[in-house]
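Enquirer: Got a file for you: my_file_2.tsv, TSV, C-alpha atoms.
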```tsv
chain	number	residue	atom	x	y	z
A	69	MET	CA	-30.85	-10.15	-3.36
A	70	GLY	CA	-32.39	-6.70	-3.48
A	71	GLN	CA	-31.01	-3.75	-5.39
A	72	PRO	CA	-28.62	-1.36	-3.64
A	73	PHE	CA	-30.17	1.80	-2.20
A	74	GLY	CA	-33.63	0.39	-2.79
A	75	GLY	CA	-33.27	0.38	-6.57
A	76	GLY	CA	-35.09	2.75	-8.88
A	77	GLN	CA	-34.01	6.22	-9.90
A	78	ALA	CA	-32.16	6.87	-6.62
A	79	ALA	CA	-29.76	3.97	-7.22
A	80	ILE	CA	-29.17	5.13	-10.81
A	81	GLU	CA	-28.29	8.63	-9.62
A	82	VAL	CA	-25.76	7.14	-7.22
A	83	ALA	CA	-24.20	5.15	-10.07
A	84	VAL	CA	-24.01	8.14	-12.41
A	85	ALA	CA	-22.12	10.16	-9.78
A	86	ALA	CA	-20.09	7.50	-7.96
A	87	ILE	CA	-18.59	5.68	-10.96
A	88	PRO	CA	-16.80	8.77	-12.35
A	89	LEU	CA	-15.70	9.59	-8.79
A	90	LEU	CA	-14.12	6.14	-8.44
A	91	MET	CA	-12.35	6.63	-11.76
A	92	VAL	CA	-10.91	9.96	-10.59
A	93	ILE	CA	-9.81	8.45	-7.25
A	94	GLY	CA	-8.16	5.53	-9.06
A	95	SER	CA	-6.32	7.94	-11.37
A	96	ALA	CA	-5.09	9.99	-8.40
A	97	LEU	CA	-3.80	6.91	-6.56
A	98	TYR	CA	-2.09	5.59	-9.69
A	99	LEU	CA	-0.29	8.87	-10.44
A	100	ARG	CA	0.65	9.30	-6.79
A	101	GLY	CA	2.24	5.85	-6.73
A	102	GLN	CA	4.17	6.44	-9.97
A	103	HIS	CA	5.57	9.78	-8.81
A	104	ARG	CA	6.49	8.33	-5.43
A	105	ARG	CA	8.38	5.42	-6.99
A	106	TYR	CA	9.97	7.01	-10.06
A	107	GLY	CA	9.79	10.79	-9.71
A	108	ARG	CA	9.13	12.68	-12.96
A	109	LEU	CA	7.38	10.85	-15.78
A	110	VAL	CA	9.85	11.52	-18.58
A	111	GLY	CA	10.59	10.12	-22.00
A	112	TRP	CA	9.05	7.08	-23.63
A	113	PRO	CA	8.55	5.24	-20.29
A	114	GLY	CA	6.64	8.25	-18.96
A	115	GLN	CA	4.37	8.24	-22.01
A	116	LEU	CA	3.69	4.53	-21.54
A	117	THR	CA	2.88	5.17	-17.88
A	118	LEU	CA	0.26	7.73	-18.89
A	119	ALA	CA	-0.95	5.38	-21.63
A	120	ALA	CA	-1.59	2.69	-18.99
A	121	LEU	CA	-3.76	5.18	-17.11
A	122	LEU	CA	-5.74	6.01	-20.25
A	123	VAL	CA	-6.21	2.32	-21.05
A	124	GLY	CA	-7.53	1.67	-17.55
A	125	LEU	CA	-9.98	4.55	-17.82
A	126	GLY	CA	-11.01	3.35	-21.27
A	127	LEU	CA	-11.80	-0.12	-19.95
A	128	ALA	CA	-13.86	1.38	-17.14
A	129	VAL	CA	-15.84	3.47	-19.62
A	130	TYR	CA	-16.25	0.44	-21.88
A	131	ALA	CA	-17.69	-1.58	-18.99
A	132	VAL	CA	-20.40	0.93	-18.01
A	133	TRP	CA	-21.12	2.72	-21.30
A	134	PRO	CA	-23.42	4.60	-21.86
A	135	LEU	CA	-24.23	4.89	-18.11
A	136	PRO	CA	-27.81	6.15	-18.63
A	137	ALA	CA	-29.20	8.69	-16.18
A	138	SER	CA	-32.71	7.23	-16.20
A	139	ALA	CA	-34.36	3.83	-16.44
A	140	ASP	CA	-37.14	5.05	-18.75
A	141	GLY	CA	-37.27	2.75	-21.77
A	142	LEU	CA	-34.09	1.02	-20.64
A	143	CYS	CA	-35.36	-2.48	-19.91
A	144	PRO	CA	-37.36	-4.63	-22.36
A	145	ILE	CA	-40.84	-5.74	-21.36
A	146	GLU	CA	-40.02	-9.38	-22.10
A	147	PRO	CA	-36.66	-11.00	-21.31
A	148	ALA	CA	-34.41	-10.67	-24.33
A	149	PRO	CA	-32.23	-13.55	-25.55
A	150	ALA	CA	-28.48	-13.41	-25.38
A	151	PRO	CA	-27.22	-10.87	-27.93
A	152	PRO	CA	-25.41	-12.32	-30.97
A	153	LEU	CA	-21.76	-11.68	-31.63
A	154	GLU	CA	-21.30	-8.67	-33.89
A	155	LEU	CA	-18.16	-7.72	-35.78
A	156	ARG	CA	-18.18	-4.20	-34.39
A	157	ASP	CA	-18.27	-5.43	-30.77
A	158	ALA	CA	-15.52	-7.96	-31.45
A	159	ALA	CA	-13.28	-5.34	-33.05
A	160	LEU	CA	-13.88	-2.93	-30.17
A	161	ALA	CA	-12.99	-5.54	-27.55
A	162	LEU	CA	-9.88	-6.55	-29.49
A	163	GLY	CA	-8.78	-2.94	-29.86
A	164	LEU	CA	-9.31	-2.15	-26.17
A	165	PHE	CA	-7.53	-5.21	-24.79
A	166	LEU	CA	-4.63	-5.17	-27.26
A	167	PRO	CA	-2.90	-2.28	-25.38
A	168	VAL	CA	-3.30	-4.24	-22.13
A	169	GLY	CA	-0.97	-6.94	-23.44
A	170	ILE	CA	1.41	-4.42	-25.01
A	171	LEU	CA	1.77	-2.42	-21.80
A	172	ALA	CA	2.00	-5.51	-19.60
A	173	ARG	CA	5.05	-6.61	-21.59
A	174	SER	CA	6.74	-3.32	-22.53
A	175	ARG	CA	5.95	-1.08	-19.55
A	176	PHE	CA	5.43	-3.45	-16.60
A	177	ARG	CA	7.68	-6.32	-17.79
A	178	ARG	CA	5.19	-9.10	-17.04
A	179	GLY	CA	5.41	-12.61	-18.41
A	180	VAL	CA	2.94	-14.23	-20.73
A	181	PHE	CA	1.10	-16.22	-18.05
A	182	THR	CA	0.69	-13.19	-15.79
A	183	THR	CA	-0.49	-11.14	-18.75
A	184	VAL	CA	-3.06	-13.73	-19.82
A	185	ALA	CA	-4.30	-13.99	-16.24
A	186	LEU	CA	-4.61	-10.20	-16.08
A	187	GLY	CA	-6.51	-10.08	-19.37
A	188	THR	CA	-8.82	-12.87	-18.22
A	189	GLY	CA	-9.55	-11.09	-14.96
A	190	LEU	CA	-10.28	-7.80	-16.70
A	191	ALA	CA	-12.49	-9.49	-19.30
A	192	VAL	CA	-14.48	-11.32	-16.62
A	193	ALA	CA	-14.85	-8.11	-14.60
A	194	VAL	CA	-16.13	-6.17	-17.63
A	195	HIS	CA	-18.58	-8.95	-18.49
A	196	ALA	CA	-19.80	-9.11	-14.88
A	197	VAL	CA	-20.42	-5.36	-14.74
A	198	ARG	CA	-22.35	-5.49	-18.00
A	199	ALA	CA	-24.34	-8.63	-17.19
A	200	THR	CA	-25.44	-7.43	-13.73
A	201	GLY	CA	-26.42	-3.88	-14.66
A	202	VAL	CA	-23.46	-2.35	-12.76
A	203	PHE	CA	-23.86	-4.81	-9.87
A	204	GLY	CA	-27.57	-4.21	-9.48
A	205	LEU	CA	-27.60	-0.43	-9.50
A	206	TYR	CA	-29.64	-0.61	-12.71
A	207	PRO	CA	-32.82	-2.70	-12.93
A	208	CYS	CA	-31.49	-4.65	-15.94
A	209	ALA	CA	-28.37	-5.30	-17.99
A	210	TYR	CA	-28.58	-2.37	-20.38
A	211	ASN	CA	-25.39	-3.14	-22.37
A	212	ALA	CA	-25.06	-6.93	-22.23
A	213	ALA	CA	-22.67	-8.41	-24.77
A	214	ALA	CA	-22.13	-11.86	-26.20
A	215	LEU	CA	-20.12	-14.23	-24.03
A	216	GLU	CA	-17.61	-14.70	-26.84
A	217	ILE	CA	-16.49	-11.10	-26.31
A	218	ALA	CA	-14.62	-12.17	-23.16
A	219	GLY	CA	-12.65	-14.75	-25.13
A	220	ILE	CA	-11.83	-12.19	-27.82
A	221	ALA	CA	-10.62	-9.82	-25.11
A	222	VAL	CA	-8.27	-12.46	-23.70
A	223	ALA	CA	-7.00	-13.22	-27.21
A	224	GLY	CA	-6.40	-9.50	-27.76
A	225	THR	CA	-4.35	-9.34	-24.57
A	226	LEU	CA	-2.21	-12.27	-25.66
A	227	LEU	CA	-1.76	-10.79	-29.13
A	228	GLY	CA	-0.65	-7.49	-27.60
A	229	TRP	CA	1.95	-9.27	-25.46
A	230	LEU	CA	3.30	-11.12	-28.51
A	231	LEU	CA	3.52	-7.89	-30.51
A	232	ALA	CA	5.41	-6.16	-27.69
A	233	ARG	CA	7.73	-9.17	-27.46
A	234	TRP	CA	8.66	-9.62	-31.12
A	235	VAL	CA	8.07	-6.34	-32.96
A	236	PRO	CA	10.86	-4.35	-31.20
A	237	ALA	CA	13.36	-7.02	-32.24
A	238	VAL	CA	12.77	-6.33	-35.94
A	239	TRP	CA	11.98	-2.61	-35.65
A	240	PRO	CA	14.31	-0.76	-38.07
A	241	PHE	CA	15.12	2.01	-35.59
A	242	GLY	CA	16.11	-0.44	-32.86
A	243	PRO	CA	14.45	-1.26	-29.54
A	244	HIS	CA	13.83	1.45	-26.96
A	245	ARG	CA	13.83	1.19	-23.20
A	246	SER	CA	10.17	1.14	-22.21
A	247	TRP	CA	10.23	0.63	-18.45
A	248	PRO	CA	10.88	3.62	-16.19
A	249	VAL	CA	13.94	4.49	-14.22
A	250	ALA	CA	13.75	6.68	-11.13
A	251	VAL	CA	15.08	10.22	-11.48
A	252	PRO	CA	15.25	13.07	-8.94
A	253	ASP	CA	12.17	15.26	-9.15
A	254	ARG	CA	13.64	18.72	-8.62
A	255	VAL	CA	13.04	20.64	-11.88
A	256	ALA	CA	10.03	22.90	-12.45
A	257	PRO	CA	6.89	20.86	-13.21
A	258	ASP	CA	5.54	21.12	-16.74
A	259	LEU	CA	2.08	22.36	-17.66
A	260	ALA	CA	0.75	18.88	-18.38
A	261	ARG	CA	1.54	17.75	-14.83
A	262	ARG	CA	-0.17	20.80	-13.37
A	263	MET	CA	-3.16	20.20	-15.61
A	264	PHE	CA	-3.49	16.63	-14.35
A	265	GLY	CA	-3.52	17.91	-10.78
A	266	THR	CA	-6.18	20.50	-11.61
A	267	LEU	CA	-8.36	17.96	-13.41
A	268	ILE	CA	-8.14	15.59	-10.46
A	269	ASP	CA	-9.15	18.42	-8.13
A	270	LEU	CA	-12.15	19.29	-10.31
A	271	GLY	CA	-13.20	15.65	-10.59
A	272	LEU	CA	-12.95	14.99	-6.87
A	273	TRP	CA	-14.83	18.20	-6.12
A	274	TRP	CA	-17.67	17.88	-8.63
A	275	PHE	CA	-18.30	14.13	-8.55
A	276	GLY	CA	-17.69	13.99	-4.80
A	277	ALA	CA	-20.42	16.56	-4.21
A	278	ALA	CA	-22.75	14.82	-6.68
A	279	THR	CA	-22.16	11.44	-5.01
A	280	LEU	CA	-22.80	12.85	-1.55
A	281	VAL	CA	-26.05	14.46	-2.67
A	282	ALA	CA	-27.14	11.28	-4.47
A	283	LEU	CA	-26.48	9.19	-1.34
A	284	LEU	CA	-28.41	11.62	0.85
A	285	ASN	CA	-31.28	11.51	-1.59
A	286	ALA	CA	-31.19	7.69	-1.75
A	287	TYR	CA	-31.54	7.46	2.03
A	288	GLY	CA	-34.36	10.02	2.08
A	289	ILE	CA	-32.45	12.73	3.93
A	290	ILE	CA	-33.05	15.40	1.28
A	291	ARG	CA	-36.56	16.72	0.80
A	292	PRO	CA	-37.99	16.33	-2.72
A	293	GLY	CA	-37.35	19.30	-4.99
A	294	THR	CA	-34.34	20.62	-3.06
A	295	GLN	CA	-31.55	18.65	-4.75
A	296	GLU	CA	-30.26	21.61	-6.78
A	297	GLN	CA	-29.97	23.83	-3.73
A	298	VAL	CA	-28.30	21.06	-1.73
A	299	LEU	CA	-25.86	20.38	-4.57
A	300	THR	CA	-24.89	24.05	-4.77
A	301	GLY	CA	-24.32	24.22	-1.02
A	302	THR	CA	-22.32	20.98	-1.08
A	303	LEU	CA	-20.11	22.26	-3.88
A	304	LEU	CA	-19.35	25.44	-1.98
A	305	GLY	CA	-18.72	23.55	1.26
A	306	LEU	CA	-16.36	21.00	-0.29
A	307	ALA	CA	-14.52	23.81	-2.09
A	308	LEU	CA	-13.88	25.54	1.23
A	309	LEU	CA	-12.85	22.30	2.91
A	310	PHE	CA	-10.53	20.81	0.27
A	311	GLY	CA	-9.53	23.92	-1.67
A	312	LEU	CA	-8.84	26.29	1.20
A	313	PHE	CA	-8.65	24.75	4.68
A	314	LEU	CA	-6.84	21.54	3.75
A	315	PRO	CA	-3.93	23.27	1.92
A	316	LEU	CA	-3.44	25.54	4.93
A	317	LEU	CA	-2.90	22.48	7.12
A	318	ARG	CA	-0.54	20.67	4.75
A	319	ARG	CA	3.17	21.33	4.62
A	320	ASP	CA	3.20	21.40	0.82
A	321	ARG	CA	0.12	23.72	0.73
A	322	SER	CA	-1.39	21.45	-1.92
A	323	THR	CA	-4.90	20.37	-2.70
A	324	LEU	CA	-5.60	16.66	-3.09
A	325	GLY	CA	-5.16	16.78	-6.86
A	326	ARG	CA	-1.82	18.60	-6.74
A	327	ALA	CA	-0.65	16.28	-3.98
A	328	ALA	CA	-1.45	13.28	-6.21
A	329	VAL	CA	1.08	14.52	-8.78
A	330	HIS	CA	3.55	15.59	-6.05
A	331	LEU	CA	3.32	19.36	-6.41
A	332	ALA	CA	3.79	21.98	-3.73
A	333	LEU	CA	3.04	25.69	-3.38
A	334	THR	CA	6.11	27.53	-2.15
A	335	GLU	CA	7.50	31.00	-1.72
A	336	TRP	CA	8.54	32.80	-4.89
A	337	SER	CA	12.30	32.77	-4.38
A	338	LEU	CA	12.83	30.00	-1.82
A	339	PRO	CA	11.76	26.33	-1.76
A	340	ARG	CA	9.86	26.58	1.49
A	341	PRO	CA	6.10	26.40	2.15
A	342	ALA	CA	4.20	29.49	1.11
A	343	VAL	CA	2.99	31.54	4.04
A	344	ARG	CA	-0.70	31.14	4.75
A	345	ARG	CA	-1.70	34.67	3.83
A	346	ARG	CA	-0.30	34.14	0.32
A	347	VAL	CA	-2.17	30.84	0.04
A	348	LEU	CA	-5.40	32.60	1.04
A	349	ALA	CA	-4.80	35.41	-1.43
A	350	ARG	CA	-4.10	32.97	-4.27
A	351	ALA	CA	-7.24	30.98	-3.45
A	352	ALA	CA	-9.30	34.18	-3.42
A	353	LEU	CA	-7.97	35.19	-6.85
A	354	LEU	CA	-8.19	31.78	-8.53
A	355	TYR	CA	-10.25	29.13	-6.75
A	356	ALA	CA	-12.99	31.31	-5.29
A	357	PRO	CA	-14.29	32.77	-8.58
A	358	VAL	CA	-13.95	29.44	-10.42
A	359	THR	CA	-15.83	27.60	-7.67
A	360	ALA	CA	-18.60	30.16	-7.43
A	361	LEU	CA	-19.12	30.36	-11.19
A	362	ILE	CA	-19.30	26.58	-11.63
A	363	ALA	CA	-21.53	26.10	-8.60
A	364	PHE	CA	-24.02	28.67	-9.90
A	365	GLY	CA	-24.11	27.24	-13.41
A	366	LEU	CA	-21.67	29.51	-15.26
A	367	PRO	CA	-18.88	27.13	-16.30
A	368	TRP	CA	-17.81	29.10	-19.38
A	369	PHE	CA	-17.02	32.15	-17.26
A	370	ALA	CA	-15.06	29.89	-14.91
A	371	LEU	CA	-13.08	28.65	-17.90
A	372	ALA	CA	-12.28	32.26	-18.78
A	373	VAL	CA	-10.81	32.78	-15.30
A	374	ALA	CA	-8.68	29.65	-15.69
A	375	VAL	CA	-7.45	30.79	-19.12
A	376	LEU	CA	-6.57	34.20	-17.70
A	377	HIS	CA	-4.47	32.54	-15.01
A	378	ALA	CA	-2.76	30.22	-17.50
A	379	CYS	CA	-1.92	32.89	-20.08
A	380	THR	CA	1.33	33.77	-18.31
A	381	ALA	CA	2.18	30.15	-17.45
A	382	VAL	CA	2.29	29.27	-21.14
A	383	VAL	CA	4.83	31.95	-22.09
A	384	ARG	CA	7.03	32.10	-18.99
A	385	PRO	CA	9.93	29.63	-18.67
A	386	ASP	CA	9.17	29.05	-14.99
A	387	GLY	CA	5.49	28.34	-15.72
A	388	ALA	CA	4.21	30.88	-13.20
A	389	GLY	CA	0.51	31.67	-13.53
A	390	LEU	CA	-1.05	35.10	-13.17
A	391	ALA	CA	-2.25	34.43	-9.61
A	392	ASP	CA	1.26	33.24	-8.69
A	393	LEU	CA	2.80	36.43	-10.05
A	394	ILE	CA	0.37	38.58	-8.07
A	395	CYS	CA	0.66	36.62	-4.80
A	396	ARG	CA	4.40	35.88	-5.17
A	397	THR	CA	4.03	32.13	-4.93
A	398	ARG	CA	5.46	29.38	-7.10
A	399	VAL	CA	4.38	25.83	-7.93
A	400	ARG	CA	7.30	23.45	-7.44
A	401	THR	CA	7.67	19.73	-7.06
A	402	ARG	CA	7.21	18.26	-3.63
A	403	SER	CA	10.72	16.82	-3.71
A	404	SER	CA	12.21	20.31	-4.07
A	405	LEU	CA	10.42	21.25	-0.85
A	406	THR	CA	11.03	18.14	1.26
A	407	GLY	CA	14.27	16.91	-0.28
A	408	SER	CA	12.85	13.40	-0.70
A	409	LEU	CA	14.00	11.02	-3.43
A	410	PRO	CA	12.04	8.43	-5.43
A	411	GLN	CA	11.74	5.05	-3.80
A	412	ARG	CA	13.17	3.20	-6.81
A	413	LEU	CA	16.17	5.50	-7.18
A	414	VAL	CA	19.40	3.52	-7.17
A	415	ARG	CA	21.65	4.84	-4.41
A	416	TYR	CA	25.33	4.13	-4.23
A	417	VAL	CA	26.45	2.80	-0.87
A	418	PRO	CA	30.23	2.41	-0.49
A	419	PRO	CA	31.29	-0.96	0.87
A	420	LYS	CA	32.28	-1.14	4.47
A	421	GLU	CA	36.00	-1.46	5.03
A	422	ASP	CA	37.15	-4.03	7.53
A	423	VAL	CA	39.25	-2.38	10.19
A	424	PRO	CA	42.13	-4.71	11.16
A	425	SER	CA	42.24	-5.67	14.77
A	426	LEU	CA	45.19	-4.49	16.88
A	427	SER	CA	45.32	-7.67	18.92
```
Could you write out this file's structure as structure tokens?

Expert:
Amino acid sequence: MGQPFGGGQAAIEVAVAAIPLLMVIGSALYLRGQHRRYGRLVGWPGQLTLAALLVGLGLAVYAVWPLPASADGLCPIEPAPAPPLELRDAALALGLFLPVGILARSRFRRGVFTTVALGTGLAVAVHAVRATGVFGLYPCAYNAAALEIAGIAVAGTLLGWLLARWVPAVWPFGPHRSWPVAVPDRVAPDLARRMFGTLIDLGLWWFGAATLVALLNAYGIIRPGTQEQVLTGTLLGLALLFGLFLPLLRRDRSTLGRAAVHLALTEWSLPRPAVRRRVLARAALLYAPVTALIAFGLPWFALAVAVLHACTAVVRPDGAGLADLICRTRVRTRSSLTGSLPQRLVRYVPPKEDVPSLS
């Protein structure tokens, strides 16, 4: 079987851009599902929910690390034997898969057999990615590990489940509820939630443009030596499409990242969609300079614009940024705009009373 995209440097460039993009997309879908089911991520269950996301991202990074950008000096001239088991690799695998078992038991309430099956599947997937050079995108397996690592990973998963099962029973401060309960999502969103939405937007924008350019280059559509110009144009085009035009068409006036964490842009004093002229003005004050500065290679100046916007959000109780104060808009939760409730929220339904028949 041949290598994807013809192999070589073009396939490696696709891998370097597409793998982070898939991680960002997976994070967005995971957060979207959690907010849809449970509303706000609050308390210890909310922290475990975010911990599960970080563990998943950590396993993905572990599988593809260091994700080299070039094949120069990557592959040995002669086939190398299977690498021996090293203590450092074993400890790393044990430490990465231990939280899988802990979270499977404490956060997702899975049994031991389901947890072991999950750990086995994840260990086999990681080993397959490493052994095949990211499924053939690289000309060789650049980070192959000993086969015993998969067994250590499964053992770490089982050990994590056992710790989550028995440690809370003897914990001196008593056990804590670790699985979430649905709550109405009507209060003002905190800064961490807004930051997650912004990071998802930046990841989708940057890695999406890089993946598109890498694919066009792999299929020979881009002329040699013009990749930088095409990347700049793609960044600006995607920013207009997803940062400006898409929010104008959505009821919640949100970008894809803010929609993933169920945020909406509303009027200042009323929970209704912000009028389009205010959305355009806010985008011109915030997104336009940040996009242009990053696209033209000035990320530190773009960071200064973001800090200037966030300086008021940190000190104000309503979390309004500088652009929101100028444009008279407010970031609220989507539920406060639509009135929707989490899917897992327990609703009281009074029993039906039997009406006696007159006959």

Enquirer: Find the distance between atom CA of Thr397 of chain A and atom CA of Trp336 of chain A and write it in Å to one decimal.

Expert: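 That distance, rounded to one decimal, is 4.6 Å.
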
Enquirer: Return the single residue from A:Pro252, A:Pro419, A:Gly169, A:Gly387 that is closest to Ala232 of chain A, with distances computed using all atoms listed in the file.

Expert: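 Looking at the shortest contact to Ala232 of chain A, the residue is A:Gly169.
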
Enquirer: May I have the residues at most 10 Å from (-1.7, -12.1, -27.8) in the file's coordinates, counting all atoms listed in the file, as a VMD selection string?

Expert: chain A and resid 165 to 166 168 to 170 180 183 to 184 187 221 to 233

Enquirer: From the options A:Val194, A:Ala363, A:Leu413, A:Cys379, which residue's atoms come nearest to Trp133 of chain A, counting only C-alpha atoms?

Expert: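 Comparing A:Val194, A:Ala363, A:Leu413, A:Cys379 against Trp133 of chain A, the winner is A:Val194.
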
Enquirer: List as a ChimeraX atom specification the protein and nucleic acid residues near Leu409 of chain A, meaning an atom at most 9 Å away when all atoms listed in the file are counted, but skip any in the same chain fewer than 2 places from it.

Expert: /A:104-107,250-253,403,407,411-413

Enquirer: Within 10 Å of Gln77 of chain A, counting all atoms listed in the file, which residues show up once you throw out same-chain ones fewer than 5 positions away? Write them as a list in words, please.

Expert: Val82, Ala83, Ala137, Ser138, Ala139, Asp140, Leu205, Tyr206, Pro207 and Ala286 of chain A

Enquirer: Take the point (-9.6, 21.5, -4.3) in the file's coordinates, draw a sphere of radius 7 Å around it, and report as a short mmCIF file (atom, residue, chain, number, x, y, z; two decimals) with C-alpha atoms, in the frame of the given file every protein, DNA or RNA residue with an atom inside or on it, counting only C-alpha atoms.

Expert:
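What landed in out_8.cif:
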```cif
data_model
loop_
_atom_site.label_atom_id
_atom_site.label_comp_id
_atom_site.auth_asym_id
_atom_site.auth_seq_id
_atom_site.Cartn_x
_atom_site.Cartn_y
_atom_site.Cartn_z
CA ASP A 269 -9.15 18.42 -8.13
CA LEU A 270 -12.15 19.29 -10.31
CA TRP A 273 -14.83 18.20 -6.12
CA ALA A 307 -14.52 23.81 -2.09
CA PHE A 310 -10.53 20.81 0.27
CA GLY A 311 -9.53 23.92 -1.67
CA THR A 323 -4.90 20.37 -2.70
CA LEU A 324 -5.60 16.66 -3.09
CA GLY A 325 -5.16 16.78 -6.86
#
```

Enquirer: Using only C-alpha atoms, which of the listed residues (A:Ser322, A:Thr302, A:Thr294, A:Asn211) sits closest to Ala196 of chain A?

Expert: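 Of A:Ser322, A:Thr302, A:Thr294, A:Asn211, the one nearest Ala196 of chain A, counting only C-alpha atoms, is A:Asn211.
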
Enquirer: What is the atom CA of Arg108 of chain A to atom CA of Leu267 of chain A distance in Å?

Expert: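 These two atoms are separated by 18.3 Å.
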
Enquirer: With all atoms listed in the file as the atoms that count, which of A:Cys395, A:Leu118, A:Leu299, A:Ala213 lies nearest to Thr200 of chain A?

Expert: A:Ala213

Enquirer: Near Leu361 of chain A, counting only C-alpha atoms, which residues have an atom at most 12 Å away, once you skip same-chain residues fewer than 4 positions from it, shown as a PyMOL selection string?

Expert: chain A and resi 300+303-304+354-357+365-374
